[in-house]
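Trainee: Let me give you the structure first, and then I'll get to my questions.
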Amino acid sequence: MSNCLLCQNKVYFDFNLKWLMSFQKYSISKVCSRCNDSFEEIKASNCCLGCGRKQNQQMMCLDCRQWKKRITGELLDNKALYVYDQTAMRSFIEKYKFLGDYRLRLVFQNKFEKFISINYDKDWLYVPIPIDEETMQIRGFNQIEGLTTNIPLTRVISMREKRGRIKQSHKNKKERMLTKQPFKISEQISQLKKAKILLLDDIYTTGRTLYHARNLLMQHGAETVKSITLCR
Amino acid sequence: MDEEFLYGRQLPETVISHNLRNAPNIEKRPAVLKRGKYIYCQRCGNKTVRDEVALPSQRYYCPHCILLGRVATHNLLYSIPEPHHFLKITSSPLTWQGTLSKLQAICSSELLEVAQTGGKHLMWAVTGAGKTEMLFETIAWALQKGRRIALASPRVDVCNELYPRFKQAFNNIDIILLHGKQNEKYRYTQLVICTTHQLLRFFRAFDILIIDEVDAFPFVGDKGLAYAADNALTEKGTLIYLTATPSRKLLQQIRKKQLTVSYLPLRFHGYLLPEPIIILDSQLKVFKKKNKLSRKIIKIIKRWESEGYQFLIFVPKISLLEPVYQSVKKILKHDTTGTTVFSGDIQRIKKVSDMRKLKYRYLITTTILERGVTFPALNILILKADDTNFTVSALVQIAGRVGRSFKRPEGDIYFACSEYSRNVKAAVAQIKFLNKKGSKVQK
Ligand SMILES: [Zn+2]
Ligand SMILES: [Zn+2]
Ligand SMILES: [Zn+2]
């Protein structure tokens with residue numbers, strides 16, 4: 001028995017028949033079932049093929065049609081686990097990322113790691129989106145690395161140093177779209193040649209950040225670049 | 001940033017400017033201490049298992065007070081000792097025109113005496129006694145004496161309600177209201193109204209600290225609150241608790257003489273509290289299976305309908321709202337309208353205001369509606385009053401919603417339960433205890 005990370009209520013393990021028959025290890029959830037149900041999952045059959053956004057049909061959303069006009073080549077093929085624009089997820093992101101409650105990484109860590117490894121096997125390099133030095137100083141952790149502690153990460157990109165850069169979260173949609181390339185390749189360039197790369201981030205908002213990262217990696221010889229985010 | 005910003009406060013470097021960090025009389029101490037397997041937070045007083053709150057950088061943060069901005073082992077708390085730099089107030093700052101009842105006046109002078117001598121005091125006043133007015137005399141005195149004063153409550157809605165009343169009562173005094181849902185910038189004032197949570201941003205600031213509705217919320221742990229109060233109080237400061245339902249801890253402190261106490265057992269209209277009638281009803285246990293209320297309860301609700309008063313039915317869980325509503329609807333006539341409401345209900349404010357406009361005859365609810373919300377002539381039934389979701393203080397507070405007007409100072413309050421639980425017993429005992437005191441002063 002432990003307390004739910006989100007609402008502090010007691011979490012009990014449910015010794016039901018289904019579990020007994022599954023021969024699974026006894027493990028206690030970090031979150032109570034009520035909190036768990038408050039997040040809105042995205043099903044693979046009901047989302048945009050470009051960005052993973054939840055919608056009724058499996059087709060391209062409006063934003064992705066715009067991207068299609070702007071870029072050469074394929075769309076990013078982002079996959080997301082949860083809907084972002086919804087009370088429970090917004091409040092989770094607020095507490096985890098902006099208040100800096102690092103314990104909350106455990107709310108999704110297991111599930112997110114599984115989601116990644118099920119969809120993309122060992123042939124893929126898992127590349128986390130970095131955060132800038134100042135944010136790292138204050139927050140003390142990179143939110144996406146907290147969610148992926150138990151899978152091998154290849155940290156090949158980092159933030160370019162730039163004075164007065166405004167945080168993505170402080171910009172509106174139009175300003176975000178105008179953002180210039182914020183990343184640089186930090187090391188291990190030989191690894192990138194012909195590599196299959198999976199970018200990892202917490203939120204897909206406009207896609208600007210992820211497309212910048214993809215451009216950079218493609219320029220350095222990557223064969224294909226896709227992405228997974230916790231939410232969209 | 002001015003030095004005033006830090007007078008009597010404790011803030012981490014993340015929220016103060018560089019120049020302030022080098023002020024001549026600045027004091028600093030680590031925000032979080034490492035001790036073996038644990039860390040101790042100097043801001044909120046809580047202890048946490050180290051490994052649970054380790055950041056990748058081998059720093060450890062306190063999760064308990066994180067809503068005030070995270071503090072970790074590498075952060076310092078900065079403060080400047082409270083200098084009492086206030087303008088001299090020569091004539092009485094009290095602009096309140098009302099008068100106190102005889103009993104209120106007695107309590108008021110008791111409080112003044114406590115404030116003058118120092119120490120810890122509990123003012124136990126029944127719900128609907130008019131506690132606020134009794135503070136005015138003490139606060140007016142303290143303002144003139146150049147003391148710094150805070151009025152705190154665990155509940156945001158209580159703070160929001162107190163603020164305009166104090167602004168009116170002390171028209172020429174600058175008062176600041178501080179809580180998490182308000183955006184006014186901090187400024188140095190002699191009188192502060194804030195949530196108890198905000199007290200954690202103060203350090204030895206207040207000569208008089210009054211905490212209203214201490215027990216209004218069960219999750220405000222006694223220990224955390226005591227730490228916050230001690231920290232925010234100056235060394236010789238006076239601490240006054242105001243409550244309608246003191247917790248067992250507070251009652252214990254009274255018995256041990258660590259806390260002095262005064263009573264206000266009569267409501268502002270001079271009547272006693274309505275005493276709850278217990279209904280033992282074994283059918284409540286199986287309500288969810290059968291969705292049927294017992295004959296005893298149906299009879300009460302029908303009588304209420306014919307008498308024409310509004311009523312509230314409390315249930316312990318959100319999942320019970322709809323089934324209870326459906327069963328109640330079945331008993332009543334078509335034009336007797338009602339609805340369900342719970343604390344997270346998006347339409348809550350609208351429903352409550354419709355109830356006040358008499359658009360509804362009744363509400364089925366899980367929540368003690370805001371303190372300011374009173375319905376003048378009300379009957380109340382608590383279903384499953386023995387459920388652990390109803391704390392002693394919740395039961396007393398709910399019962400205290402009845403009989404809040406001059407026109408109808410009485411009313412029905414029923415506790416329906418399948419068992420005469422400890423909480424139910426204790427709540428009834430508290431009400432009877434006050435009524436016994438009350439009937440003595442009534443005479
Ligand atoms: Zn929970
Ligand atoms: Zn899309
Ligand atoms: Zn703390």
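Following the order of the structure tokens, first chain is A, next is B, and so on, with residues numbered from 1 inside each chain and ligands from 1 in the order they appear.
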So that I can see what lies close to Ser190 of chain A, please list as a short mmCIF file (atom, residue, chain, number, x, y, z; two decimals) with N, CA and C atoms, in the first residue's frame the residues with an atom at most 12 Å from it, counting only C-alpha atoms and leaving out residues fewer than 2 positions away in the same chain.
Mentor:
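Now in result_7.cif:
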```
data_model
loop_
_atom_site.label_atom_id
_atom_site.label_comp_id
_atom_site.auth_asym_id
_atom_site.auth_seq_id
_atom_site.Cartn_x
_atom_site.Cartn_y
_atom_site.Cartn_z
N VAL A 156 22.45 13.32 -28.71
CA VAL A 156 23.27 13.89 -29.80
C VAL A 156 22.97 15.35 -30.09
N ILE A 185 24.25 19.93 -33.17
CA ILE A 185 24.71 18.57 -32.91
C ILE A 185 25.83 18.65 -31.88
N SER A 186 25.71 17.88 -30.81
CA SER A 186 26.72 18.03 -29.78
C SER A 186 27.87 17.04 -29.90
N GLU A 187 27.60 15.82 -30.32
CA GLU A 187 28.71 14.86 -30.43
C GLU A 187 28.31 13.63 -31.23
N GLN A 188 29.25 12.72 -31.33
CA GLN A 188 29.01 11.41 -31.92
C GLN A 188 28.38 11.49 -33.31
N LEU A 192 25.35 9.10 -36.52
CA LEU A 192 24.14 9.60 -37.16
C LEU A 192 23.97 9.11 -38.60
N LYS A 193 25.06 8.78 -39.22
CA LYS A 193 25.00 8.36 -40.63
C LYS A 193 24.07 7.17 -40.79
N LYS A 194 23.09 7.33 -41.65
CA LYS A 194 22.14 6.26 -41.97
C LYS A 194 21.32 5.79 -40.76
N ALA A 195 21.33 6.59 -39.68
CA ALA A 195 20.66 6.12 -38.47
C ALA A 195 19.15 6.30 -38.56
N LEU A 217 19.02 16.69 -37.83
CA LEU A 217 19.51 15.31 -37.87
C LEU A 217 19.59 14.79 -39.30
N HIS A 220 22.59 15.94 -41.00
CA HIS A 220 23.80 15.23 -40.59
C HIS A 220 23.75 13.76 -40.92
N GLY A 221 22.90 13.43 -41.87
CA GLY A 221 22.98 12.09 -42.43
C GLY A 221 22.03 11.04 -41.90
N ALA A 222 21.12 11.42 -41.02
CA ALA A 222 20.18 10.43 -40.51
C ALA A 222 19.33 9.91 -41.67
#
```
Trainee: Quick one: residues within 9 Å of ligand 1, with only C-alpha atoms and all ligand atoms, as a VMD selection string?
Mentor: chain A and resid 3 to 11 30 to 36
Trainee: Please, which residues of chain A lie no more than 7 Å from chain B when the count uses only C-alpha atoms, and can they be set out as an MDAnalysis selection string?
Mentor: chainID A and resid 99:103 140:141
Trainee: Enumerate as a PDB file with N, CA and C atoms, in the first residue's frame the residues within 12 Å of ligand 2, counting only C-alpha atoms and all ligand atoms.
Mentor:
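Generated file (part.pdb):
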```pdb
ATOM      1  N   ASN A  46      -7.471   6.194 -33.720  1.00  0.00           N
ATOM      2  CA  ASN A  46      -8.218   7.445 -33.706  1.00  0.00           C
ATOM      3  C   ASN A  46      -7.313   8.654 -33.591  1.00  0.00           C
ATOM      4  N   CYS A  47      -6.348   8.769 -34.490  1.00  0.00           N
ATOM      5  CA  CYS A  47      -5.511   9.950 -34.370  1.00  0.00           C
ATOM      6  C   CYS A  47      -4.931  10.363 -35.715  1.00  0.00           C
ATOM      7  N   CYS A  48      -4.393  11.575 -35.725  1.00  0.00           N
ATOM      8  CA  CYS A  48      -3.779  12.102 -36.938  1.00  0.00           C
ATOM      9  C   CYS A  48      -2.502  11.325 -37.253  1.00  0.00           C
ATOM     10  N   LEU A  49      -2.344  10.984 -38.510  1.00  0.00           N
ATOM     11  CA  LEU A  49      -1.175  10.189 -38.907  1.00  0.00           C
ATOM     12  C   LEU A  49       0.111  11.018 -38.901  1.00  0.00           C
ATOM     13  N   GLY A  50      -0.038  12.340 -38.899  1.00  0.00           N
ATOM     14  CA  GLY A  50       1.156  13.185 -38.914  1.00  0.00           C
ATOM     15  C   GLY A  50       1.672  13.498 -37.526  1.00  0.00           C
ATOM     16  N   CYS A  51       0.764  13.848 -36.623  1.00  0.00           N
ATOM     17  CA  CYS A  51       1.213  14.367 -35.338  1.00  0.00           C
ATOM     18  C   CYS A  51       0.689  13.582 -34.136  1.00  0.00           C
ATOM     19  N   GLY A  52      -0.214  12.636 -34.361  1.00  0.00           N
ATOM     20  CA  GLY A  52      -0.714  11.817 -33.262  1.00  0.00           C
ATOM     21  C   GLY A  52      -1.856  12.437 -32.486  1.00  0.00           C
ATOM     22  N   ARG A  53      -2.366  13.549 -32.965  1.00  0.00           N
ATOM     23  CA  ARG A  53      -3.466  14.225 -32.293  1.00  0.00           C
ATOM     24  C   ARG A  53      -4.729  13.350 -32.298  1.00  0.00           C
ATOM     25  N   LYS A  54      -5.475  13.397 -31.210  1.00  0.00           N
ATOM     26  CA  LYS A  54      -6.690  12.603 -31.144  1.00  0.00           C
ATOM     27  C   LYS A  54      -7.763  13.213 -32.041  1.00  0.00           C
ATOM     28  N   GLN A  55      -8.349  12.405 -32.871  1.00  0.00           N
ATOM     29  CA  GLN A  55      -9.483  12.848 -33.690  1.00  0.00           C
ATOM     30  C   GLN A  55     -10.279  11.621 -34.104  1.00  0.00           C
ATOM     31  N   GLN A  57     -11.156  10.319 -37.087  1.00  0.00           N
ATOM     32  CA  GLN A  57     -10.655   9.409 -38.115  1.00  0.00           C
ATOM     33  C   GLN A  57      -9.146   9.391 -38.163  1.00  0.00           C
ATOM     34  N   GLN A  58      -8.656   8.375 -38.843  1.00  0.00           N
ATOM     35  CA  GLN A  58      -7.218   8.236 -38.980  1.00  0.00           C
ATOM     36  C   GLN A  58      -6.791   8.966 -40.247  1.00  0.00           C
ATOM     37  N   MET A  59      -6.718  10.303 -40.152  1.00  0.00           N
ATOM     38  CA  MET A  59      -6.288  11.054 -41.327  1.00  0.00           C
ATOM     39  C   MET A  59      -5.505  12.283 -40.877  1.00  0.00           C
ATOM     40  N   MET A  60      -5.064  13.072 -41.845  1.00  0.00           N
ATOM     41  CA  MET A  60      -4.225  14.189 -41.486  1.00  0.00           C
ATOM     42  C   MET A  60      -5.046  15.347 -40.909  1.00  0.00           C
ATOM     43  N   CYS A  61      -4.547  15.947 -39.823  1.00  0.00           N
ATOM     44  CA  CYS A  61      -5.272  17.069 -39.231  1.00  0.00           C
ATOM     45  C   CYS A  61      -4.915  18.365 -39.976  1.00  0.00           C
ATOM     46  N   LEU A  62      -5.616  19.436 -39.639  1.00  0.00           N
ATOM     47  CA  LEU A  62      -5.398  20.728 -40.311  1.00  0.00           C
ATOM     48  C   LEU A  62      -3.963  21.220 -40.176  1.00  0.00           C
ATOM     49  N   ASP A  63      -3.438  21.141 -38.944  1.00  0.00           N
ATOM     50  CA  ASP A  63      -2.069  21.587 -38.696  1.00  0.00           C
ATOM     51  C   ASP A  63      -1.076  20.830 -39.580  1.00  0.00           C
ATOM     52  N   CYS A  64      -1.306  19.531 -39.688  1.00  0.00           N
ATOM     53  CA  CYS A  64      -0.366  18.720 -40.462  1.00  0.00           C
ATOM     54  C   CYS A  64      -0.457  19.033 -41.956  1.00  0.00           C
ATOM     55  N   ARG A  65      -1.657  19.393 -42.418  1.00  0.00           N
ATOM     56  CA  ARG A  65      -1.771  19.792 -43.827  1.00  0.00           C
ATOM     57  C   ARG A  65      -0.953  21.051 -44.084  1.00  0.00           C
ATOM     58  N   GLN A  66      -0.927  21.945 -43.080  1.00  0.00           N
ATOM     59  CA  GLN A  66      -0.085  23.138 -43.182  1.00  0.00           C
ATOM     60  C   GLN A  66       1.391  22.765 -43.241  1.00  0.00           C
ATOM     61  N   TRP A  67       1.774  21.835 -42.389  1.00  0.00           N
ATOM     62  CA  TRP A  67       3.169  21.376 -42.371  1.00  0.00           C
ATOM     63  C   TRP A  67       3.565  20.797 -43.723  1.00  0.00           C
ATOM     64  N   LYS A  68       2.658  20.035 -44.265  1.00  0.00           N
ATOM     65  CA  LYS A  68       2.904  19.377 -45.552  1.00  0.00           C
ATOM     66  C   LYS A  68       3.328  20.389 -46.620  1.00  0.00           C
ATOM     67  N   LEU A  75       5.741  13.770 -43.422  1.00  0.00           N
ATOM     68  CA  LEU A  75       5.421  14.338 -42.118  1.00  0.00           C
ATOM     69  C   LEU A  75       6.177  13.543 -41.047  1.00  0.00           C
ATOM     70  N   LEU A  76       6.162  14.066 -39.838  1.00  0.00           N
ATOM     71  CA  LEU A  76       6.998  13.513 -38.781  1.00  0.00           C
ATOM     72  C   LEU A  76       6.570  12.131 -38.291  1.00  0.00           C
ATOM     73  N   ASP A  77       5.306  11.813 -38.432  1.00  0.00           N
ATOM     74  CA  ASP A  77       4.779  10.560 -37.880  1.00  0.00           C
ATOM     75  C   ASP A  77       4.965  10.508 -36.369  1.00  0.00           C
ATOM     76  N   ASN A  78       4.460  11.534 -35.696  1.00  0.00           N
ATOM     77  CA  ASN A  78       4.548  11.555 -34.234  1.00  0.00           C
ATOM     78  C   ASN A  78       3.469  10.664 -33.624  1.00  0.00           C
ATOM     79  N   LYS A  79       3.852   9.961 -32.558  1.00  0.00           N
ATOM     80  CA  LYS A  79       2.878   9.192 -31.801  1.00  0.00           C
ATOM     81  C   LYS A  79       2.811   9.774 -30.393  1.00  0.00           C
ATOM     82  N   ALA A  80       1.597   9.893 -29.860  1.00  0.00           N
ATOM     83  CA  ALA A  80       1.447  10.419 -28.500  1.00  0.00           C
ATOM     84  C   ALA A  80       0.546   9.488 -27.698  1.00  0.00           C
ATOM     85  N   TYR A 204       3.830  17.648 -27.820  1.00  0.00           N
ATOM     86  CA  TYR A 204       3.816  18.127 -29.196  1.00  0.00           C
ATOM     87  C   TYR A 204       2.822  19.274 -29.223  1.00  0.00           C
ATOM     88  N   THR A 205       3.277  20.498 -29.420  1.00  0.00           N
ATOM     89  CA  THR A 205       2.331  21.617 -29.442  1.00  0.00           C
ATOM     90  C   THR A 205       2.103  22.061 -30.881  1.00  0.00           C
ATOM     91  N   THR A 206       3.103  22.732 -31.462  1.00  0.00           N
ATOM     92  CA  THR A 206       2.950  23.110 -32.871  1.00  0.00           C
ATOM     93  C   THR A 206       3.748  22.172 -33.763  1.00  0.00           C
ATOM     94  N   GLY A 207       4.667  21.436 -33.179  1.00  0.00           N
ATOM     95  CA  GLY A 207       5.541  20.574 -33.955  1.00  0.00           C
ATOM     96  C   GLY A 207       6.828  21.274 -34.362  1.00  0.00           C
ATOM     97  N   ARG A 232      -0.169  15.129 -26.851  1.00  0.00           N
ATOM     98  CA  ARG A 232      -0.371  15.954 -28.026  1.00  0.00           C
ATOM     99  C   ARG A 232      -1.638  16.748 -27.820  1.00  0.00           C
TER     100      ARG A 232
END
```
Trainee: What does the structure give for the distance between atom CA of Tyr12 of chain A and atom CA of Gly45 of chain B, in Å to one decimal?
Mentor: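 Atom CA of Gly45 of chain B lies 28.6 Å from atom CA of Tyr12 of chain A.
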Trainee: Residues within 6 Å of ligand 3 (only C-alpha atoms and all ligand atoms), as a tab-separated table (two decimals) with C-alpha atoms, in the first residue's frame?
Mentor:
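Dumped to result04.tsv:
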```tsv
chain	number	residue	atom	x	y	z
B	41	CYS	CA	12.37	21.48	5.27
B	43	ARG	CA	10.20	26.44	5.43
B	44	CYS	CA	7.32	24.07	6.17
B	46	ASN	CA	8.09	18.54	7.11
B	62	CYS	CA	10.75	19.31	-0.25
B	64	HIS	CA	5.23	19.37	0.86
B	65	CYS	CA	5.46	23.09	0.24
```
